[in-house]
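**Student:** One file: my_file11.cif (mmCIF, C-alpha atoms).
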```cif
data_final
loop_
_atom_site.label_atom_id
_atom_site.label_comp_id
_atom_site.auth_asym_id
_atom_site.auth_seq_id
_atom_site.Cartn_x
_atom_site.Cartn_y
_atom_site.Cartn_z
CA MET A 1 -23.64 -52.08 11.45
CA THR A 2 -23.71 -48.65 12.93
CA GLU A 3 -26.48 -46.21 12.17
CA ASN A 4 -24.10 -44.26 10.01
CA ASP A 5 -23.34 -47.31 7.87
CA THR A 6 -27.04 -47.91 7.36
CA GLU A 7 -27.48 -44.41 6.00
CA ARG A 8 -24.77 -45.12 3.48
CA GLU A 9 -26.36 -48.34 2.26
CA PRO A 10 -26.23 -48.23 -1.55
CA PRO A 11 -29.51 -48.34 -3.47
CA GLY A 12 -31.10 -51.69 -4.21
CA ILE A 13 -30.76 -53.46 -7.53
CA GLY A 14 -33.70 -55.33 -9.04
CA PRO A 15 -33.42 -58.99 -10.08
CA ARG A 16 -31.84 -60.38 -13.20
CA ASP A 17 -34.70 -60.68 -15.68
CA TRP A 18 -34.23 -64.27 -16.78
CA LYS A 19 -36.69 -63.76 -19.62
CA SER A 20 -34.11 -61.43 -21.14
CA HIS A 21 -30.99 -63.55 -20.74
CA PRO A 22 -29.88 -66.81 -22.37
CA ALA A 23 -30.10 -70.07 -20.46
CA TYR A 24 -26.84 -71.58 -19.22
CA VAL A 25 -27.22 -74.73 -21.29
CA SER A 26 -28.24 -74.02 -24.87
CA PRO A 27 -27.52 -77.23 -26.83
CA GLU A 28 -27.31 -75.61 -30.28
CA TYR A 29 -24.26 -73.77 -28.93
CA LYS A 30 -22.29 -76.90 -28.23
CA SER A 31 -19.76 -75.74 -25.65
CA THR A 32 -22.56 -74.82 -23.27
CA VAL A 33 -23.41 -78.48 -22.78
CA LEU A 34 -20.39 -79.24 -20.56
CA ARG A 35 -19.87 -75.72 -19.22
CA GLY A 36 -23.18 -74.26 -18.11
CA PRO A 37 -24.30 -74.88 -14.52
CA THR A 38 -27.09 -77.47 -14.39
CA LYS A 39 -28.34 -77.16 -10.81
CA PRO A 40 -30.80 -74.37 -9.95
CA LEU A 41 -29.21 -71.11 -8.84
CA VAL A 42 -29.44 -70.49 -5.11
CA PRO A 43 -31.36 -67.30 -4.21
CA ILE A 44 -29.37 -64.68 -2.31
CA THR A 45 -30.50 -61.57 -0.45
CA HIS A 46 -28.33 -58.69 -1.61
CA SER A 47 -25.86 -57.43 0.94
CA LEU A 48 -23.05 -54.92 0.55
CA SER A 49 -21.10 -57.67 -1.23
CA GLU A 50 -23.56 -57.57 -4.13
CA LEU A 51 -24.49 -53.87 -3.97
CA THR A 52 -20.94 -52.59 -4.30
CA GLY A 53 -18.48 -52.97 -7.14
CA PRO A 54 -15.30 -51.58 -8.61
CA VAL A 55 -15.32 -47.94 -9.67
CA TYR A 56 -13.30 -47.11 -12.75
CA GLY A 57 -13.49 -43.50 -13.78
CA ALA A 58 -11.82 -41.36 -16.43
CA GLU A 59 -8.43 -41.77 -14.73
CA CYS A 60 -8.11 -45.33 -16.05
CA VAL A 61 -8.81 -44.42 -19.68
CA GLY A 62 -5.98 -43.40 -22.01
CA GLU A 63 -6.27 -40.64 -24.61
CA LEU A 64 -6.73 -43.02 -27.58
CA ASP A 65 -8.47 -45.88 -25.78
CA HIS A 66 -11.84 -44.97 -27.37
CA ASP A 67 -10.39 -44.72 -30.89
CA LEU A 68 -9.65 -48.16 -32.31
CA THR A 69 -8.72 -46.61 -35.66
CA ARG A 70 -5.69 -45.04 -33.97
CA ASN A 71 -4.82 -47.00 -30.82
CA GLY A 72 -3.11 -49.83 -32.73
CA ILE A 73 -1.34 -47.88 -35.45
CA LYS A 74 2.19 -48.95 -36.37
CA ASP A 75 2.83 -47.51 -39.81
CA GLY A 76 -0.51 -46.55 -41.33
CA GLU A 77 -4.25 -46.64 -40.88
CA PRO A 78 -6.26 -49.81 -40.31
CA LEU A 79 -8.12 -51.20 -43.33
CA GLY A 80 -11.90 -51.46 -43.37
CA GLU A 81 -15.06 -49.43 -43.22
CA ARG A 82 -14.69 -46.74 -40.55
CA MET A 83 -17.61 -46.60 -38.14
CA ILE A 84 -18.75 -44.84 -35.00
CA VAL A 85 -20.64 -46.76 -32.34
CA SER A 86 -22.36 -44.67 -29.74
CA GLY A 87 -25.14 -45.11 -27.27
CA ARG A 88 -26.38 -44.57 -23.76
CA VAL A 89 -26.01 -46.83 -20.75
CA LEU A 90 -29.27 -46.69 -18.79
CA ASP A 91 -30.92 -48.49 -15.92
CA GLU A 92 -34.37 -50.07 -16.27
CA ALA A 93 -36.03 -46.83 -15.21
CA GLY A 94 -34.30 -45.10 -18.12
CA ARG A 95 -31.89 -43.15 -15.93
CA PRO A 96 -28.37 -42.61 -17.27
CA ILE A 97 -25.55 -44.59 -15.68
CA ARG A 98 -22.78 -42.06 -15.47
CA ASN A 99 -19.05 -42.48 -15.22
CA THR A 100 -19.11 -46.22 -15.79
CA LEU A 101 -16.44 -48.12 -17.67
CA VAL A 102 -17.29 -49.57 -21.08
CA GLU A 103 -14.77 -52.03 -22.52
CA VAL A 104 -14.91 -53.37 -26.09
CA TRP A 105 -13.01 -55.87 -28.20
CA GLN A 106 -13.56 -57.05 -31.75
CA ALA A 107 -12.14 -58.72 -34.85
CA ASN A 108 -10.54 -56.64 -37.58
CA ALA A 109 -12.27 -55.87 -40.90
CA ALA A 110 -11.18 -59.24 -42.30
CA GLY A 111 -12.71 -61.18 -39.40
CA ARG A 112 -9.47 -61.94 -37.57
CA TYR A 113 -8.79 -61.35 -33.88
CA ILE A 114 -5.33 -60.37 -32.77
CA HIS A 115 -5.70 -63.03 -30.05
CA LEU A 116 -3.00 -65.70 -30.34
CA VAL A 117 -5.45 -68.61 -30.29
CA ASP A 118 -7.43 -67.29 -33.29
CA GLN A 119 -6.36 -69.61 -36.10
CA HIS A 120 -8.63 -68.22 -38.83
CA ASN A 121 -6.42 -67.63 -41.85
CA ALA A 122 -7.77 -64.16 -42.65
CA PRO A 123 -5.02 -61.55 -42.45
CA LEU A 124 -4.08 -59.64 -39.34
CA ASP A 125 -3.96 -55.88 -39.77
CA PRO A 126 -0.68 -54.47 -38.46
CA ASN A 127 -2.43 -51.20 -37.68
CA PHE A 128 -5.44 -52.57 -35.84
CA PHE A 129 -5.46 -53.87 -32.28
CA GLY A 130 -9.20 -54.23 -31.64
CA GLY A 131 -9.48 -53.39 -27.94
CA GLY A 132 -10.79 -50.18 -26.45
CA ARG A 133 -12.46 -48.56 -23.48
CA CYS A 134 -14.16 -45.38 -22.39
CA VAL A 135 -16.24 -44.00 -19.53
CA THR A 136 -19.83 -42.78 -19.91
CA ASP A 137 -20.57 -39.06 -19.62
CA ASP A 138 -23.26 -37.29 -17.57
CA GLU A 139 -25.97 -38.52 -19.93
CA GLY A 140 -24.67 -42.08 -19.74
CA ARG A 141 -23.29 -41.76 -23.25
CA TYR A 142 -20.29 -43.58 -24.68
CA ARG A 143 -18.67 -43.33 -28.12
CA PHE A 144 -16.10 -45.45 -29.95
CA LEU A 145 -14.48 -44.94 -33.32
CA THR A 146 -13.46 -48.19 -35.04
CA VAL A 147 -13.69 -50.21 -38.25
CA LYS A 148 -16.57 -52.59 -38.88
CA PRO A 149 -15.55 -56.07 -37.72
CA GLY A 150 -15.69 -58.91 -40.26
CA ALA A 151 -17.58 -62.18 -39.94
CA TYR A 152 -15.49 -65.26 -39.21
CA PRO A 153 -15.88 -69.04 -39.16
CA TRP A 154 -15.97 -71.07 -35.95
CA GLY A 155 -16.09 -74.73 -35.07
CA ASN A 156 -19.55 -75.11 -33.55
CA HIS A 157 -21.00 -76.95 -36.56
CA PRO A 158 -20.13 -77.38 -40.25
CA ASN A 159 -19.91 -74.04 -42.08
CA ALA A 160 -20.62 -72.05 -38.90
CA TRP A 161 -19.96 -68.30 -39.12
CA ARG A 162 -20.25 -65.65 -36.45
CA PRO A 163 -22.18 -62.56 -37.56
CA ASN A 164 -20.32 -59.25 -37.39
CA HIS A 165 -20.20 -58.21 -33.75
CA ILE A 166 -18.44 -56.12 -31.13
CA HIS A 167 -17.96 -57.47 -27.60
CA PHE A 168 -19.00 -55.14 -24.77
CA SER A 169 -18.20 -55.34 -21.04
CA LEU A 170 -19.94 -53.06 -18.52
CA PHE A 171 -19.95 -52.63 -14.76
CA GLY A 172 -22.68 -50.22 -13.69
CA PRO A 173 -22.92 -49.38 -9.99
CA SER A 174 -22.27 -52.84 -8.52
CA ILE A 175 -21.25 -56.38 -9.35
CA ALA A 176 -24.96 -57.23 -9.57
CA THR A 177 -25.24 -54.98 -12.63
CA ARG A 178 -22.23 -56.54 -14.38
CA LEU A 179 -22.90 -57.29 -18.03
CA VAL A 180 -20.86 -58.83 -20.83
CA THR A 181 -22.63 -58.86 -24.17
CA GLN A 182 -22.21 -58.55 -27.92
CA MET A 183 -23.54 -55.91 -30.29
CA TYR A 184 -24.70 -57.00 -33.73
CA PHE A 185 -25.53 -55.13 -36.95
CA PRO A 186 -28.92 -54.57 -38.57
CA GLY A 187 -29.76 -56.80 -41.52
CA ASP A 188 -26.96 -59.31 -40.98
CA PRO A 189 -28.00 -62.54 -42.76
CA LEU A 190 -25.85 -64.62 -40.39
CA LEU A 191 -27.94 -63.73 -37.33
CA GLU A 192 -30.62 -66.31 -38.08
CA HIS A 193 -27.95 -69.03 -38.21
CA ASP A 194 -25.95 -68.05 -35.12
CA PRO A 195 -26.54 -70.20 -32.01
CA ILE A 196 -25.01 -67.53 -29.75
CA PHE A 197 -27.44 -64.83 -30.89
CA LEU A 198 -30.29 -67.38 -31.05
CA GLY A 199 -29.48 -68.56 -27.52
CA THR A 200 -31.09 -65.32 -26.39
CA PRO A 201 -34.85 -65.44 -25.69
CA GLU A 202 -36.65 -64.38 -28.85
CA ILE A 203 -38.39 -61.38 -27.30
CA ALA A 204 -35.03 -59.95 -26.23
CA ARG A 205 -32.89 -60.58 -29.33
CA ASN A 206 -33.55 -57.29 -31.07
CA ARG A 207 -32.02 -55.46 -28.09
CA LEU A 208 -28.65 -56.84 -29.23
CA ILE A 209 -28.88 -55.30 -32.70
CA SER A 210 -27.53 -51.80 -33.20
CA LYS A 211 -29.35 -49.26 -35.35
CA PHE A 212 -27.79 -47.45 -38.27
CA SER A 213 -28.01 -43.70 -37.69
CA LEU A 214 -27.47 -40.95 -40.21
CA ASP A 215 -27.27 -38.53 -37.28
CA VAL A 216 -24.31 -40.35 -35.79
CA THR A 217 -22.75 -40.83 -39.23
CA GLU A 218 -20.11 -38.21 -40.00
CA ALA A 219 -20.05 -36.94 -43.58
CA ASP A 220 -17.03 -38.00 -45.64
CA PHE A 221 -15.68 -39.92 -42.65
CA ALA A 222 -17.52 -42.78 -40.91
CA LEU A 223 -20.87 -44.59 -40.69
CA GLY A 224 -22.74 -44.29 -37.40
CA TYR A 225 -24.48 -46.94 -35.32
CA ILE A 226 -26.42 -46.57 -32.07
CA PHE A 227 -26.37 -49.27 -29.42
CA ASP A 228 -28.10 -48.41 -26.14
CA ILE A 229 -27.48 -50.71 -23.20
CA VAL A 230 -29.81 -51.27 -20.26
CA LEU A 231 -28.42 -52.58 -16.99
CA ARG A 232 -30.39 -53.91 -14.02
CA GLY A 233 -31.97 -51.63 -11.51
CA PRO A 234 -33.35 -49.93 -9.60
CA ASP A 235 -35.10 -52.24 -7.17
CA GLN A 236 -38.83 -51.55 -7.08
CA THR A 237 -39.59 -53.36 -3.85
CA PRO A 238 -39.73 -51.17 -0.74
CA MET A 239 -36.51 -51.02 1.25
CA GLU A 240 -36.46 -52.96 4.49
CA THR A 241 -35.93 -50.67 7.43
CA MET B 1 -39.91 -50.55 -15.75
CA SER B 2 -39.67 -48.48 -18.89
CA HIS B 3 -36.57 -50.18 -20.22
CA LYS B 4 -35.73 -53.86 -20.65
CA GLN B 5 -32.40 -55.40 -19.68
CA THR B 6 -29.87 -55.89 -22.46
CA PRO B 7 -29.30 -59.64 -22.77
CA SER B 8 -26.00 -61.20 -21.80
CA GLN B 9 -23.79 -62.92 -24.40
CA THR B 10 -20.71 -65.07 -23.98
CA VAL B 11 -17.34 -63.43 -23.34
CA GLY B 12 -16.05 -65.78 -26.08
CA PRO B 13 -12.55 -67.19 -26.47
CA TYR B 14 -10.83 -63.93 -27.44
CA PHE B 15 -11.40 -61.69 -24.42
CA ALA B 16 -7.76 -61.61 -23.33
CA TYR B 17 -6.44 -58.63 -25.31
CA GLY B 18 -9.46 -56.56 -24.31
CA LEU B 19 -9.97 -57.51 -20.67
CA THR B 20 -6.74 -59.11 -19.37
CA PRO B 21 -4.14 -57.72 -21.81
CA GLY B 22 -1.24 -57.40 -19.38
CA GLN B 23 -1.51 -60.97 -18.15
CA TYR B 24 -1.48 -62.23 -21.75
CA ASN B 25 1.32 -59.86 -22.87
CA TYR B 26 -0.69 -57.60 -25.13
CA ARG B 27 0.43 -53.99 -25.33
CA PHE B 28 -2.64 -52.41 -23.79
CA ALA B 29 -2.93 -51.14 -20.22
CA GLU B 30 -5.25 -53.21 -18.06
CA VAL B 31 -7.60 -51.98 -15.37
CA ALA B 32 -7.33 -55.09 -13.18
CA SER B 33 -5.16 -58.19 -12.81
CA GLY B 34 -4.49 -61.02 -10.39
CA SER B 35 -2.12 -58.83 -8.36
CA MET B 36 -4.62 -57.11 -6.12
CA ALA B 37 -2.55 -56.14 -3.11
CA ASP B 38 1.01 -54.86 -2.98
CA ASP B 39 3.10 -54.94 0.19
CA LYS B 40 1.63 -51.66 1.41
CA VAL B 41 -1.89 -53.06 1.71
CA ALA B 42 -2.70 -53.95 5.30
CA GLY B 43 -3.86 -57.42 6.25
CA GLU B 44 -2.90 -61.06 5.93
CA HIS B 45 -1.52 -61.54 2.43
CA ILE B 46 -2.95 -64.60 0.77
CA ARG B 47 -3.12 -66.29 -2.61
CA ILE B 48 -6.42 -67.65 -3.93
CA ILE B 49 -5.85 -70.27 -6.57
CA GLY B 50 -8.01 -72.77 -8.42
CA GLN B 51 -9.13 -74.37 -11.63
CA VAL B 52 -12.42 -74.08 -13.47
CA LEU B 53 -13.56 -77.59 -14.40
CA ASP B 54 -16.11 -78.59 -17.03
CA GLY B 55 -18.69 -81.38 -16.78
CA GLU B 56 -16.03 -83.99 -17.56
CA GLY B 57 -13.61 -82.61 -14.98
CA VAL B 58 -11.33 -81.07 -17.59
CA PRO B 59 -9.71 -77.76 -16.60
CA ILE B 60 -11.01 -74.92 -18.76
CA ASN B 61 -8.29 -72.83 -20.39
CA ASP B 62 -10.39 -69.90 -21.58
CA ALA B 63 -12.39 -68.81 -18.57
CA MET B 64 -12.10 -65.36 -17.04
CA ILE B 65 -12.56 -65.02 -13.30
CA GLU B 66 -13.34 -61.75 -11.56
CA LEU B 67 -12.95 -61.33 -7.83
CA TRP B 68 -14.54 -58.63 -5.67
CA GLN B 69 -13.87 -58.33 -1.97
CA ALA B 70 -13.62 -56.11 1.06
CA ASP B 71 -10.30 -55.17 2.59
CA ALA B 72 -8.88 -56.71 5.76
CA THR B 73 -11.12 -54.52 7.92
CA GLY B 74 -14.27 -55.49 6.04
CA ARG B 75 -14.62 -52.32 4.00
CA TYR B 76 -15.37 -52.21 0.29
CA ALA B 77 -13.57 -49.65 -1.81
CA GLY B 78 -15.82 -47.41 -3.80
CA ASP B 79 -17.11 -43.96 -4.23
CA SER B 80 -18.09 -41.78 -1.31
CA ASP B 81 -21.70 -42.88 -1.50
CA VAL B 82 -20.74 -46.28 -0.24
CA ARG B 83 -17.73 -46.33 2.02
CA ALA B 84 -14.41 -44.63 2.34
CA ASN B 85 -11.86 -45.74 -0.20
CA THR B 86 -9.15 -47.71 1.52
CA GLY B 87 -6.46 -47.65 -1.14
CA PHE B 88 -7.24 -51.27 -1.96
CA SER B 89 -9.38 -51.63 -5.07
CA GLY B 90 -10.71 -55.03 -4.06
CA PHE B 91 -11.19 -56.06 -7.69
CA GLY B 92 -9.16 -58.58 -9.65
CA ARG B 93 -9.33 -60.36 -13.00
CA PHE B 94 -7.51 -63.41 -14.25
CA GLY B 95 -7.82 -65.57 -17.36
CA THR B 96 -7.13 -69.29 -17.10
CA GLY B 97 -5.07 -69.44 -20.30
CA THR B 98 -1.59 -68.50 -19.09
CA ASP B 99 -0.92 -70.91 -16.20
CA GLU B 100 0.28 -74.35 -17.28
CA GLU B 101 -2.36 -75.97 -15.08
CA ASN B 102 -4.99 -73.46 -16.27
CA ARG B 103 -5.37 -72.05 -12.78
CA PHE B 104 -6.55 -68.59 -11.80
CA ILE B 105 -4.23 -66.92 -9.33
CA PHE B 106 -5.11 -63.92 -7.16
CA ASP B 107 -2.62 -62.34 -4.78
CA THR B 108 -4.64 -60.37 -2.31
CA VAL B 109 -5.39 -59.89 1.39
CA LYS B 110 -7.85 -61.90 3.40
CA PRO B 111 -11.05 -59.85 3.72
CA GLY B 112 -12.57 -58.97 7.05
CA SER B 113 -16.20 -59.53 7.94
CA VAL B 114 -18.33 -56.93 6.17
CA GLU B 115 -21.45 -56.99 8.30
CA ASN B 116 -22.38 -58.42 11.66
CA GLY B 117 -22.93 -62.13 11.33
CA ALA B 118 -21.35 -62.41 7.89
CA ALA B 119 -18.30 -64.61 7.52
CA PRO B 120 -15.35 -63.28 5.50
CA HIS B 121 -15.75 -64.13 1.83
CA VAL B 122 -14.92 -62.99 -1.67
CA SER B 123 -17.43 -62.69 -4.52
CA ILE B 124 -16.48 -64.46 -7.73
CA ILE B 125 -17.86 -63.91 -11.23
CA VAL B 126 -17.24 -66.63 -13.82
CA PHE B 127 -17.17 -65.90 -17.56
CA MET B 128 -16.19 -68.22 -20.39
CA ARG B 129 -16.70 -69.31 -23.95
CA GLY B 130 -19.61 -71.73 -23.74
CA MET B 131 -21.47 -69.69 -21.15
CA LEU B 132 -23.94 -67.15 -22.54
CA THR B 133 -24.59 -65.61 -19.13
CA HIS B 134 -22.01 -65.19 -16.37
CA ALA B 135 -22.28 -67.01 -13.04
CA TYR B 136 -21.79 -65.74 -9.49
CA THR B 137 -20.37 -67.65 -6.57
CA ARG B 138 -18.62 -66.92 -3.27
CA ALA B 139 -15.49 -68.31 -1.66
CA TYR B 140 -15.42 -68.61 2.12
CA PHE B 141 -12.32 -69.60 4.11
CA SER B 142 -11.75 -73.02 5.68
CA ASP B 143 -10.16 -71.59 8.84
CA GLU B 144 -13.29 -69.55 9.66
CA VAL B 145 -15.27 -72.52 10.95
CA GLU B 146 -17.32 -70.65 13.53
CA ALA B 147 -18.03 -67.62 11.35
CA ASN B 148 -18.97 -69.86 8.43
CA ALA B 149 -21.43 -71.78 10.61
CA ASN B 150 -23.22 -68.51 11.40
CA ASP B 151 -23.11 -66.92 7.97
CA PRO B 152 -26.66 -66.31 6.68
CA VAL B 153 -25.83 -66.92 3.03
CA LEU B 154 -23.86 -70.09 3.63
CA SER B 155 -26.60 -71.31 5.94
CA SER B 156 -29.18 -70.80 3.18
CA VAL B 157 -27.34 -73.29 0.96
CA PRO B 158 -28.33 -76.99 1.21
CA GLU B 159 -25.93 -78.50 3.72
CA GLY B 160 -24.48 -81.07 1.35
CA ARG B 161 -23.40 -78.35 -1.08
CA ARG B 162 -21.84 -75.84 1.33
CA GLU B 163 -18.36 -77.26 1.04
CA THR B 164 -18.28 -76.23 -2.64
CA LEU B 165 -18.10 -72.64 -1.34
CA VAL B 166 -15.18 -73.09 1.06
CA ALA B 167 -11.59 -72.40 -0.04
CA MET B 168 -9.07 -74.71 1.65
CA ARG B 169 -6.23 -73.05 3.52
CA ASN B 170 -2.68 -74.29 3.10
CA GLU B 171 0.42 -72.78 4.70
CA GLU B 172 3.84 -73.50 3.31
CA ASP B 173 7.07 -71.59 3.98
CA GLY B 174 5.05 -68.77 5.49
CA ASN B 175 2.90 -68.39 2.37
CA VAL B 176 -0.83 -68.74 2.78
CA THR B 177 -2.71 -70.22 -0.15
CA TYR B 178 -6.40 -70.97 -0.41
CA ARG B 179 -7.47 -73.52 -3.00
CA PHE B 180 -10.86 -72.91 -4.59
CA ASP B 181 -11.81 -75.06 -7.58
CA ILE B 182 -14.94 -74.16 -9.50
CA HIS B 183 -16.90 -77.15 -10.79
CA MET B 184 -19.32 -76.04 -13.49
CA GLN B 185 -21.27 -79.30 -13.42
CA GLY B 186 -21.40 -82.76 -11.82
CA ASP B 187 -21.94 -84.11 -8.33
CA ALA B 188 -19.60 -81.49 -6.88
CA GLU B 189 -21.10 -78.64 -8.92
CA THR B 190 -20.22 -75.37 -7.25
CA VAL B 191 -23.13 -73.43 -5.81
CA PHE B 192 -23.95 -70.49 -8.07
CA PHE B 193 -26.17 -67.72 -6.76
CA ASP B 194 -28.99 -65.83 -8.44
CA VAL B 195 -27.30 -62.54 -7.60
#
```
As structure tokens, how would this structure be written, given the file I've shared?
**Tutor:**
Amino acid sequence: MTENDTEREPPGIGPRDWKSHPAYVSPEYKSTVLRGPTKPLVPITHSLSELTGPVYGAECVGELDHDLTRNGIKDGEPLGERMIVSGRVLDEAGRPIRNTLVEVWQANAAGRYIHLVDQHNAPLDPNFFGGGRCVTDDEGRYRFLTVKPGAYPWGNHPNAWRPNHIHFSLFGPSIATRLVTQMYFPGDPLLEHDPIFLGTPEIARNRLISKFSLDVTEADFALGYIFDIVLRGPDQTPMET
Amino acid sequence: MSHKQTPSQTVGPYFAYGLTPGQYNYRFAEVASGSMADDKVAGEHIRIIGQVLDGEGVPINDAMIELWQADATGRYAGDSDVRANTGFSGFGRFGTGTDEENRFIFDTVKPGSVENGAAPHVSIIVFMRGMLTHAYTRAYFSDEVEANANDPVLSSVPEGRRETLVAMRNEEDGNVTYRFDIHMQGDAETVFFDV
């Protein structure tokens, strides 16, 4: 590399904290048994390949992409309890991650996904699509308007039900900070029975549960929940020179 | 560190309308697809294709693969803090549920070497129902024998497992295809990195 390239080296990203993330094979969640890697991960020294990543700014977000109560409307409003979910995307030092894409997808209020392979016989809502995206602002903040997703059954074990949840996908500054996760709701009685939630190390589980907020709640309109998300970084080890 | 990492959770079986809507014919614009390079993008145009196989060798039909790579000159797209944007985003996404053989298919250009001593490669991120945390791997190119032999990352992998990271080149009717199957488990388990 030239000297100039070295100056432009992006900042380092600290390691994945494996005490915070689920193991690949988690037998209570049955599909992990044949799908999770079983050999130890091979260590890798970060190079540009890991310290760079796609940049998606405001230009890739449509006007209604953040508003799931309106982006799927055909002939009326979606059914369900309107809610706002908002939060900040931060790094481990608590610094805001600005201008980063946040993608969400979720079931409708009856617990049915619009996805063609969802066979649950709860009704589809003609006015609800369930997908959305937005970009964080200068404080790292995002905000979606939606309806609260319903619980739904799944085939993992007899009488298995997924707790209410919203899927989140985030990039952060590089592919090393990539995160796909799920946000849950406070007080959900299904959480203690859900092998996906319980696959998370116990000390980290509460980070997946949003908080009800009267401040985010809008009077006569929608309940508010806060879900802050922390991505990896920065690296605390001194840079090699 | 003052803040703790938010744990990963599975992408689940229903990601398609949120993350790969165009490929699956949902009416929602998508930010990335398997078509990464149109005719205007400089470089050797290639297709990277493969299956994701479970521990019994069965192709997985609900995985999502993301691909991140440099352009043909070895430059990553990005903001000005990193390197000049080349007009090639370098990022692709493909779900394995639309191809009849459950393959992922990326039409792109062959990347150049990014740094001295590094062989050309693409970074791959694997998501699926049944995986609570995503997995990272790399695909190198079978026609880069000398560069691969000198690549520091490939050299750090136990010798017997290196071939799991090499995509096999095939030329037919002027079309260049690289085959890269991802084995989640088993004797031929693909090398996944602790990125």
**Student:** Applying 9 Å and only C-alpha atoms, which residues near Ser89 (chain B) remain after dropping the ones on its own chain fewer than 4 positions away? List them as a ChimeraX atom specification.
**Tutor:** /A:54-55 /B:36-37,68-71,76-78,85
**Student:** CA of His21 (chain A) to CA of Pro173 (chain A): how many Å, to one decimal?
**Tutor:**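 That distance, rounded to one decimal, is 19.5 Å.
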**Student:** Given the file shown, enumerate the residues that the PyMOL selection byres ((chain B and resi 188) around 10) captures and present them as a count of residues only.
**Tutor:** 14
**Student:** So, counting only C-alpha atoms, which residue among A:Thr177, A:Thr32, A:Ser169, A:Asn164 is closest to chain B?
**Tutor:**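 The closest residue to chain B is A:Thr32.
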**Student:** Using all atoms listed in the file, pick whichever of A:Tyr29, A:Trp18, A:Phe144, A:Trp154 has the shortest atom-to-atom distance to Arg82 (chain A).
**Tutor:**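 The closest residue to Arg82 (chain A) is A:Phe144.
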**Student:** What is the CA of Arg75 (chain B)-CA of Pro111 (chain B) distance in Å, reported with one decimal?
**Tutor:**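 Pair CA of Arg75 (chain B) / CA of Pro111 (chain B) returns 8.3 Å.
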**Student:** Could you tell me which of A:Gly140, A:Gly36, A:Pro186, A:Pro234 comes closest to chain B if we count only C-alpha atoms?
**Tutor:**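 The answer is A:Gly36, which sits nearest to chain B.
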**Student:** Under the rule that all atoms listed in the file are counted, which of B:Glu66, B:Asp39, B:Asp151, B:Glu30 is the nearest residue to Tyr17 (chain B)?
**Tutor:**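 Under the stated criterion, the closest residue is B:Glu30.
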**Student:** For the file shown, report as a ChimeraX atom specification the outcome of the PyMOL selection byres ((chain B) within 6 of (chain A)) at residue level.
**Tutor:** /B:1-9,14,18,54-55,78,82,130-132,184-185,192-194
**Student:** Can I get the selected residues back with C-alpha atoms, as a compact mmCIF listing (two decimals), in the coordinates of the input?
**Tutor:**
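Wrote it out as part16.txt, contents follow:
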```
# COMPACT_ATOMS: atom_id res chain seq x y z
CA MET B 1 -39.91 -50.55 -15.75
CA SER B 2 -39.67 -48.48 -18.89
CA HIS B 3 -36.57 -50.18 -20.22
CA LYS B 4 -35.73 -53.86 -20.65
CA GLN B 5 -32.40 -55.40 -19.68
CA THR B 6 -29.87 -55.89 -22.46
CA PRO B 7 -29.30 -59.64 -22.77
CA SER B 8 -26.00 -61.20 -21.80
CA GLN B 9 -23.79 -62.92 -24.40
CA TYR B 14 -10.83 -63.93 -27.44
CA GLY B 18 -9.46 -56.56 -24.31
CA ASP B 54 -16.11 -78.59 -17.03
CA GLY B 55 -18.69 -81.38 -16.78
CA GLY B 78 -15.82 -47.41 -3.80
CA VAL B 82 -20.74 -46.28 -0.24
CA GLY B 130 -19.61 -71.73 -23.74
CA MET B 131 -21.47 -69.69 -21.15
CA LEU B 132 -23.94 -67.15 -22.54
CA MET B 184 -19.32 -76.04 -13.49
CA GLN B 185 -21.27 -79.30 -13.42
CA PHE B 192 -23.95 -70.49 -8.07
CA PHE B 193 -26.17 -67.72 -6.76
CA ASP B 194 -28.99 -65.83 -8.44
```
**Student:** One number please: CA of Glu192 (chain A) to CA of Ile209 (chain A), in Å, one decimal.
**Tutor:**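 Value for the CA of Glu192 (chain A)-CA of Ile209 (chain A) distance: 12.4 Å.
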**Student:** Put the listed atoms of region 131-142 of chain A in a box along x, y and z with 4 Å added on every side and give me the centre and edge lengths in Å to one decimal, as lines of an AutoDock Vina configuration file.
**Tutor:**
```
center_x = -17.7
center_y = -45.3
center_z = -22.8
size_x = 24.5
size_y = 24.1
size_z = 18.4
```
**Student:** May I ask which of the residues A:Arg112, A:His120, A:Arg141, A:Gly76 is the closest one to Pro96 (chain A), counting only C-alpha atoms?
**Tutor:**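 Using only C-alpha atoms, Pro96 (chain A) sits closest to A:Arg141.
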**Student:** Nearest to Thr10 (chain B) among A:Ser213, A:Ala222, A:Pro195, A:Ala109, with distances taken over only C-alpha atoms: which residue is it?
**Tutor:**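 For Thr10 (chain B), the nearest of the given residues is A:Pro195.
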**Student:** Which residues are close to Asp138 (chain A), i.e. within 9 Å by only C-alpha atoms, leaving aside same-chain residues fewer than 4 positions away? Reply as a short mmCIF file (atom, residue, chain, number, x, y, z; two decimals) with C-alpha atoms, in the coordinates of the input.
**Tutor:**
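Saved the output as result-v5.cif:
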```cif
data_model
loop_
_atom_site.label_atom_id
_atom_site.label_comp_id
_atom_site.auth_asym_id
_atom_site.auth_seq_id
_atom_site.Cartn_x
_atom_site.Cartn_y
_atom_site.Cartn_z
CA PRO A 96 -28.37 -42.61 -17.27
CA ILE A 97 -25.55 -44.59 -15.68
CA ARG A 98 -22.78 -42.06 -15.47
CA ASN A 99 -19.05 -42.48 -15.22
#
```
**Student:** Can you pull out every residue within 7 Å of region 161-163 of chain A, counting all atoms listed in the file, but drop anything in the same chain fewer than 4 positions away, and send it as number ranges by chain?
**Tutor:** A: 151-154, 188, 190-191, 194
